[in-house]
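First the structure, in the form of structure tokens, and then the observations on it.
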Number of protein chains: 2
Amino acid sequence: MEKQWCEIMLHPFPFNDGAMTDTPSPLRIDGERLHILDQTRLPFERHELSIDTAAQAARAIACMQVRGAPLIGAIGAFGLALALRENADDAALDAAHAMLAATRPTAVNLAWALARMRRHVLPLPVAQRATAAWHEALAICDEDRAANRRIGENTLPLMRALTPRHGRLNLMTHCNAGWLATAGWGTALAGIYLAHQGGTDLHVWVSETRPRNQGLLTAWELAQAGVPHTVIADNAAGQLMREGQVDAVVIGADRIAANGDTANKVGSYLKALAAHAHGVPFWVAAPWSTIDLACADGAAIPIEQRSGSEVREVRGRSGMTTLLAPEEDVANPAFDVTPAALVSALVTELDVIDLRAGMSPASASPKTIHRT
Amino acid sequence: MEKQWCEIMLHPFPFNDGAMTDTPSPLRIDGERLHILDQTRLPFERHELSIDTAAQAARAIACMQVRGAPLIGAIGAFGLALALRENADDAALDAAHAMLAATRPTAVNLAWALARMRRHVLPLPVAQRATAAWHEALAICDEDRAANRRIGENTLPLMRALTPRHGRLNLMTHCNAGWLATAGWGTALAGIYLAHQGGTDLHVWVSETRPRNQGLLTAWELAQAGVPHTVIADNAAGQLMREGQVDAVVIGADRIAANGDTANKVGSYLKALAAHAHGVPFWVAAPWSTIDLACADGAAIPIEQRSGSEVREVRGRSGMTTLLAPEEDVANPAFDVTPAALVSALVTELDVIDLRAGMSPASASPKTIHRT
């Protein structure tokens with residue numbers, strides 16, 4: 001049984017579709033077919049799934065076989081392309097769009113990618129739409145990888161400006177905003193990978209991120225890349241900050257409002273409060289496709305309520321175990337909103353938006369060429 | 001399998017030693033023998049253990065078969081009494097005292113109870129010490145139950161002063177500060193039980209409290225008492241407060257410094273930060289034996305670091321499941337410190353210490369007759 005772990009841990013970067021050779025990816029393109037890593041089985045088991053229909057794409061998103069705002073945007077785009085292979089008329093496009101958009105409400109990248117796909121194919125003759133859509137989905141992935149790499153590069157100066165309090169640079173992250181959450185590189189983790197590759201002595205506090213424990217995915221990613229890290233219960237974040245053991249917090253985002261309010265995996269807000277209380281910089285790393293200028297502030301961001309079974313049951317190496325009886329009431333908001341006042345900076349592929357200096361996405365958006 | 005749950009859930013209050021008939025207790029005295037409920041197996045399995053030696057008492061405390069600051073004080077006291085049955089000379093007393101005191105560092109009630117026991121028996125002839133110690137341990141339990149009941153009564157006026165924002169009174173708690181954590185009644189839950197019995201329409205948000213999931217104990221207690229409640233992941237606390245779904249937070253404590261800084265189960269501090277950000281009252285309910293005037297502030301409170309296995313493994317109905325490989329680094333601080341500035345009030349058996357009005361345990365301690 002121990003061997004199984006090692007096999008997974010030591011396996012080289014799982015997927016690489018050739019588009020950018022220096023990052024692993026949770027998706028793989030084989031000719032005209034899409035394959036994904038099933039993230040509900042990671043890190044315990046490495047299992048690849050073929051996604052051949054829009055319904056399969058929708059299911060993969062809803063069940064969190066793929067997760068992470070940029071990745072569900074990409075898989076949504078492929079889902080639409082797959083739908084058009086069966087029927088590419090306007091009605092079929094509308095239906096597939098609606099089905100895919102309904103899978104998860106909070107991450108705006110999904111709505112963004114679907115709108116972009118629709119815009120791209122709608123002017124085309126029906127016979128050309130499927131092929132054009134497939135190529136547009138590929139382009140979304142390529143752009144996502146490139147954007148995330150730049151997000152990483154834009155994070156490096158912020159890291160360099162820190163003065164580590166305990167020898168090496170101690171960063172904290174929440175959930176998984178690594179390559180598994182994107183087409184490649186990751187958002188919050190992109191800068192960590194680049195800094196580590198560049199020789200920076202750093203260490204990452206990885207919050208396990210109940211109820212779905214995506215922190216385990218982050219630990220798995222970091223282990224593969226050789227980045228020193230320590231897993232903690234979500235509850236430990238405040239105590240570590242109080243002890244001065246955190247030099248900065250860096251997270252991803254699912255939707256950023258025009259004023260900088262940031263929806264991200266539930267628990268992010270508590271870390272932001274603690275960071276603020278201890279003068280620890282709190283960075284949100286995300287591509288511009290995560291910014292939703294149509295939301296004036298966080299109150300306009302829909303917060304997904306997921307099944308109580310995610311709290312009732314925990315998946316481990318030996319499968320599921322049940323914590324709570326079915327008759328116990330459970331509430332399971334999947335996201336929370338961190339007010340802009342607690343965010344030090346938004347790190348995008350274009351620029352670093354310094355919220356402490358009074359900037360906001362609305363005031364900073366110089367190049368929104370890919371926005372609706 | 002479902003039946004097993006029901007059997008546990010519907011079982012009447014597990015123990016009642018007759019000293020106070022209106023509260024269940026996690027300990028039972030049968031003549032000169034001590035029995036405890038094994039809390040590492042609850043709520044999945046109801047298992048009673050006999051504690052016949054000081055070493056068994058020490059093990060039960062260290063392994064958290066008993067937990068909760070007042071309860072480990074009581075079990076420590078019984079442990080000392082059991083040690084004296086074998087050998088009651090000064091050296092044996094010293095050795096048992098040291099062994100028991102070393103089991104867990106943060107909760108001051110353990111040190112308090114052991115010091116009280118020592119003070120009580122040291123002037124006595126060696127031959128009388130064991131019996132006197134047993135009776136003193138019984139007295140500690142009786143006093144704890146009575147104190148906790150008064151803590152509950154002292155919490156009621158605070159509850160009555162609230163204006164519920166969503167129909168009924170929504171309280172949030174963390175960890176387990178119910179009867180399982182004490183000799184009876186509980187601290188944070190005492191007021192909830194009394195209010196519920198008095199007809200107050202209330203509902204409790206129960207935070208699961210990773211890594212040991214003591215929230216499941218709280219849910220189990222509340223279910224038995226018929227108190228409406230909902231279990232949440234620890235990460236959800238900030239979002240619920242942002243939505244106005246929490247009217248007050250009430251927790252227990254493991255050690256309270258002279259200035260009101262409060263050490264409690266890790267994660268309490270994050271809830272206090274969120275409560276403060278949203279103007280939600282944050283109450284700490286604890287007997288005076290939890291107040292340590294020798295600690296000027298929270299910096300002087302030792303924070304226990306527990307085994308990483310508590311994070312690596314999760315216990316559910318079907319036993320343990322493993323989340324993290326043994327080679328993954330894990331940090332596991334068991335407590336954190338909430339600064340007094342974030343605590344609205346300390347509710348003790350003697351009085352409510354209004355920290356917002358500038359009071360503190362040091363300034364308020366009028367009757368510390370039981371203190372060292």
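We label chains A, B, ... in the order they appear in the structure tokens, count residues from 1 in each chain, and number ligands from 1 in the order shown.
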Mind checking which residues fall within 10 Å of Gly226 (chain A), counting only C-alpha atoms, ignoring those fewer than 4 positions away in the same chain, and posting them as an MDAnalysis selection string? chainID A and resid 193 196:197 220:222
Can I get the selected residues back with N, CA, C and O atoms, as a compact mmCIF listing (two decimals), in the first residue's frame?
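Saved as part.txt:
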```
# COMPACT_ATOMS: atom_id res chain seq x y z
N TYR A 193 6.44 28.22 -8.11
CA TYR A 193 7.27 27.34 -8.95
C TYR A 193 8.45 28.09 -9.55
O TYR A 193 9.58 27.60 -9.54
N HIS A 196 11.02 28.96 -6.85
CA HIS A 196 11.74 27.76 -6.44
C HIS A 196 12.75 27.36 -7.51
O HIS A 196 13.91 27.05 -7.21
N GLN A 197 12.33 27.38 -8.76
CA GLN A 197 13.24 27.05 -9.85
C GLN A 197 14.41 28.03 -9.92
O GLN A 197 15.52 27.68 -10.31
N TRP A 220 0.45 17.53 -3.22
CA TRP A 220 0.89 16.56 -4.24
C TRP A 220 1.68 17.28 -5.35
O TRP A 220 2.75 16.83 -5.75
N GLU A 221 1.14 18.41 -5.80
CA GLU A 221 1.86 19.19 -6.82
C GLU A 221 3.23 19.64 -6.31
O GLU A 221 4.24 19.50 -7.00
N LEU A 222 3.23 20.19 -5.11
CA LEU A 222 4.48 20.74 -4.57
C LEU A 222 5.51 19.63 -4.34
O LEU A 222 6.70 19.82 -4.57
```
Interface list for chain B, partner chain A, 8 Å threshold, only C-alpha atoms, as a PyMOL selection string: chain B and resi 5+209-211+216+219+229-239+266-271+273-274+311+314-325+328-333+335-337
Could you save those same residues with C-alpha atoms as a JSON list (two decimals), in the first residue's frame?
```
[["chain", "number", "residue", "atom", "x", "y", "z"],
["B", 5, "TRP", "CA", -26.19, 5.53, 14.34],
["B", 209, "THR", "CA", -13.13, 21.47, 14.31],
["B", 210, "ARG", "CA", -10.42, 19.78, 12.32],
["B", 211, "PRO", "CA", -8.20, 18.00, 12.91],
["B", 216, "LEU", "CA", -19.07, 15.94, 15.88],
["B", 219, "ALA", "CA", -23.54, 17.77, 17.17],
["B", 229, "HIS", "CA", -28.10, 22.69, 14.82],
["B", 230, "THR", "CA", -26.21, 22.58, 11.54],
["B", 231, "VAL", "CA", -22.71, 21.25, 11.03],
["B", 232, "ILE", "CA", -20.30, 23.29, 8.90],
["B", 233, "ALA", "CA", -16.72, 23.01, 7.76],
["B", 234, "ASP", "CA", -14.51, 25.29, 9.85],
["B", 235, "ASN", "CA", -13.84, 27.32, 6.70],
["B", 236, "ALA", "CA", -17.49, 28.37, 6.40],
["B", 237, "ALA", "CA", -17.57, 30.58, 9.52],
["B", 238, "GLY", "CA", -16.57, 33.82, 7.78],
["B", 239, "GLN", "CA", -19.11, 33.45, 4.99],
["B", 266, "VAL", "CA", -7.20, 25.98, 17.24],
["B", 267, "GLY", "CA", -9.52, 27.87, 14.90],
["B", 268, "SER", "CA", -11.21, 29.88, 17.65],
["B", 269, "TYR", "CA", -9.08, 32.90, 16.77],
["B", 270, "LEU", "CA", -10.25, 32.86, 13.13],
["B", 271, "LYS", "CA", -13.86, 32.88, 14.29],
["B", 273, "LEU", "CA", -11.58, 37.77, 13.81],
["B", 274, "ALA", "CA", -14.65, 37.19, 11.66],
["B", 311, "VAL", "CA", -4.09, 15.76, 10.39],
["B", 314, "VAL", "CA", -9.47, 11.03, 9.84],
["B", 315, "ARG", "CA", -11.63, 8.82, 11.97],
["B", 316, "GLY", "CA", -15.08, 8.08, 10.63],
["B", 317, "ARG", "CA", -17.74, 5.46, 11.10],
["B", 318, "SER", "CA", -15.77, 2.83, 9.28],
["B", 319, "GLY", "CA", -12.56, 3.56, 11.15],
["B", 320, "MET", "CA", -9.55, 5.58, 10.09],
["B", 321, "THR", "CA", -8.79, 6.73, 6.59],
["B", 322, "THR", "CA", -5.49, 8.27, 5.58],
["B", 323, "LEU", "CA", -5.37, 11.64, 3.85],
["B", 324, "LEU", "CA", -1.65, 12.24, 3.64],
["B", 325, "ALA", "CA", 1.37, 10.07, 2.99],
["B", 328, "GLU", "CA", 4.30, 14.70, 4.02],
["B", 329, "ASP", "CA", 5.30, 17.28, 6.63],
["B", 330, "VAL", "CA", 2.47, 18.33, 8.89],
["B", 331, "ALA", "CA", 2.18, 21.00, 11.58],
["B", 332, "ASN", "CA", -0.53, 20.61, 14.20],
["B", 333, "PRO", "CA", -0.84, 23.35, 16.81],
["B", 335, "PHE", "CA", -4.72, 25.68, 20.25],
["B", 336, "ASP", "CA", -4.58, 29.31, 19.30],
["B", 337, "VAL", "CA", -4.86, 32.53, 21.27]]
```
Within region 50-193 of chain A, find each residue whose DSSP state, derived from the backbone, is strand (DSSP E or B), and express the selection as number ranges by chain. A: 50-51, 166, 168-173
Would you mind listing what lies within 7 Å of Leu34 (chain A) as an MDAnalysis selection string, with only C-alpha atoms counted and same-chain residues fewer than 5 positions away left out? chainID A and resid 28:29 50:52
Region 157-165 of chain A: which residues within 9 Å, counting only C-alpha atoms, same-chain residues fewer than 3 positions away excluded, as an mmCIF file with all heavy atoms, in the first residue's frame?
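Wrote result19.cif, looks like this:
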```
data_model
loop_
_atom_site.group_PDB
_atom_site.id
_atom_site.type_symbol
_atom_site.label_atom_id
_atom_site.label_comp_id
_atom_site.auth_asym_id
_atom_site.auth_seq_id
_atom_site.Cartn_x
_atom_site.Cartn_y
_atom_site.Cartn_z
ATOM 1 N N GLU A 153 5.478 35.273 -13.128
ATOM 2 C CA GLU A 153 6.574 36.250 -13.263
ATOM 3 C C GLU A 153 6.232 37.551 -12.546
ATOM 4 O O GLU A 153 7.098 38.177 -11.935
ATOM 5 C CB GLU A 153 6.856 36.501 -14.746
ATOM 6 C CG GLU A 153 7.520 35.297 -15.426
ATOM 7 C CD GLU A 153 7.413 35.321 -16.949
ATOM 8 O OE1 GLU A 153 6.781 36.254 -17.494
ATOM 9 O OE2 GLU A 153 7.947 34.383 -17.579
ATOM 10 N N ASN A 154 4.954 37.937 -12.612
ATOM 11 C CA ASN A 154 4.538 39.176 -11.942
ATOM 12 C C ASN A 154 4.488 39.037 -10.415
ATOM 13 O O ASN A 154 4.462 40.045 -9.701
ATOM 14 C CB ASN A 154 3.171 39.627 -12.467
ATOM 15 C CG ASN A 154 3.262 40.179 -13.878
ATOM 16 O OD1 ASN A 154 4.353 40.529 -14.347
ATOM 17 N ND2 ASN A 154 2.128 40.253 -14.569
ATOM 18 N N ARG A 168 13.881 31.402 5.841
ATOM 19 C CA ARG A 168 13.411 31.285 4.462
ATOM 20 C C ARG A 168 12.044 31.929 4.303
ATOM 21 O O ARG A 168 11.365 32.238 5.279
ATOM 22 C CB ARG A 168 13.366 29.821 4.060
ATOM 23 C CG ARG A 168 12.444 28.999 4.920
ATOM 24 C CD ARG A 168 12.553 27.533 4.533
ATOM 25 N NE ARG A 168 11.717 26.720 5.383
ATOM 26 C CZ ARG A 168 11.586 25.406 5.254
ATOM 27 N NH1 ARG A 168 12.268 24.772 4.318
ATOM 28 N NH2 ARG A 168 10.814 24.717 6.055
ATOM 29 N N LEU A 169 11.655 32.100 3.061
ATOM 30 C CA LEU A 169 10.381 32.739 2.755
ATOM 31 C C LEU A 169 9.243 31.756 3.028
ATOM 32 O O LEU A 169 9.183 30.679 2.443
ATOM 33 C CB LEU A 169 10.384 33.144 1.274
ATOM 34 C CG LEU A 169 9.327 34.124 0.799
ATOM 35 C CD1 LEU A 169 9.426 35.447 1.534
ATOM 36 C CD2 LEU A 169 9.478 34.338 -0.709
ATOM 37 N N ASN A 170 8.356 32.135 3.937
ATOM 38 C CA ASN A 170 7.215 31.280 4.263
ATOM 39 C C ASN A 170 5.949 31.843 3.648
ATOM 40 O O ASN A 170 5.481 32.911 4.043
ATOM 41 C CB ASN A 170 7.042 31.193 5.786
ATOM 42 C CG ASN A 170 8.005 30.204 6.403
ATOM 43 O OD1 ASN A 170 7.984 29.016 6.066
ATOM 44 N ND2 ASN A 170 8.870 30.684 7.280
ATOM 45 N N GLY A 191 4.002 31.581 -9.346
ATOM 46 C CA GLY A 191 5.136 32.334 -8.817
ATOM 47 C C GLY A 191 5.989 31.489 -7.882
ATOM 48 O O GLY A 191 7.220 31.629 -7.845
ATOM 49 N N ALA A 195 9.871 30.888 -8.490
ATOM 50 C CA ALA A 195 10.828 31.293 -7.455
ATOM 51 C C ALA A 195 11.669 30.101 -7.007
ATOM 52 O O ALA A 195 12.887 30.205 -6.843
ATOM 53 C CB ALA A 195 10.078 31.892 -6.260
ATOM 54 N N GLY A 244 4.281 34.690 13.572
ATOM 55 C CA GLY A 244 5.194 35.288 12.583
ATOM 56 C C GLY A 244 5.736 34.276 11.592
ATOM 57 O O GLY A 244 6.766 34.508 10.948
ATOM 58 N N GLN A 245 5.045 33.162 11.434
ATOM 59 C CA GLN A 245 5.548 32.105 10.563
ATOM 60 C C GLN A 245 5.053 32.208 9.125
ATOM 61 O O GLN A 245 5.263 31.286 8.332
ATOM 62 C CB GLN A 245 5.163 30.739 11.139
ATOM 63 C CG GLN A 245 5.762 30.498 12.516
ATOM 64 C CD GLN A 245 6.015 29.027 12.759
ATOM 65 O OE1 GLN A 245 6.677 28.366 11.982
ATOM 66 N NE2 GLN A 245 5.479 28.520 13.852
ATOM 67 N N VAL A 246 4.386 33.304 8.810
ATOM 68 C CA VAL A 246 3.863 33.481 7.453
ATOM 69 C C VAL A 246 4.306 34.856 6.948
ATOM 70 O O VAL A 246 3.991 35.880 7.554
ATOM 71 C CB VAL A 246 2.315 33.383 7.434
ATOM 72 C CG1 VAL A 246 1.799 33.466 5.999
ATOM 73 C CG2 VAL A 246 1.847 32.097 8.106
ATOM 74 N N ASP A 247 5.042 34.875 5.824
ATOM 75 C CA ASP A 247 5.506 36.146 5.265
ATOM 76 C C ASP A 247 4.512 36.727 4.260
ATOM 77 O O ASP A 247 4.480 37.935 4.059
ATOM 78 C CB ASP A 247 6.875 35.953 4.608
ATOM 79 C CG ASP A 247 7.935 35.563 5.632
ATOM 80 O OD1 ASP A 247 8.068 36.281 6.638
ATOM 81 O OD2 ASP A 247 8.601 34.530 5.452
ATOM 82 N N ALA A 248 3.742 35.869 3.623
ATOM 83 C CA ALA A 248 2.695 36.338 2.705
ATOM 84 C C ALA A 248 1.733 35.187 2.441
ATOM 85 O O ALA A 248 2.094 34.018 2.554
ATOM 86 C CB ALA A 248 3.287 36.831 1.390
#
```
Out of region 74-157 of chain B, which residues get helix (DSSP H, G or I) from DSSP, as a ChimeraX atom specification? /B:74-86,90-101,108-121,126-157
Go ahead and compute the interatomic distance for CA of Ala54 (chain A) and CA of Val121 (chain A), in Å to one decimal.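 Rounded to one decimal, the two atoms are 16.1 Å apart.
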Would you work out the distance separating CA of Arg145 (chain A) from CA of Arg119 (chain A), expressed in Å to one decimal?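 About the pair CA of Arg145 (chain A) and CA of Arg119 (chain A): they are 21.7 Å apart.
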Measure the distance from CA of Thr40 (chain A) to CA of Pro70 (chain A) in Å and round it to one decimal.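 About the pair CA of Thr40 (chain A) and CA of Pro70 (chain A): they are 17.3 Å apart.
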Among the residues B:Asn148, B:Ser207, B:Asn259, B:Ser307, the one that comes closest to His174 (chain B) [using only C-alpha atoms]: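 Checking each candidate against His174 (chain B), we get B:Ser207 as the closest.
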Spatial neighbours of Pro361 (chain B), max dist 8 Å, only C-alpha atoms, sep filter under 3 positions, as a PyMOL selection string: chain B and resi 257-260+291+293+353+364-365
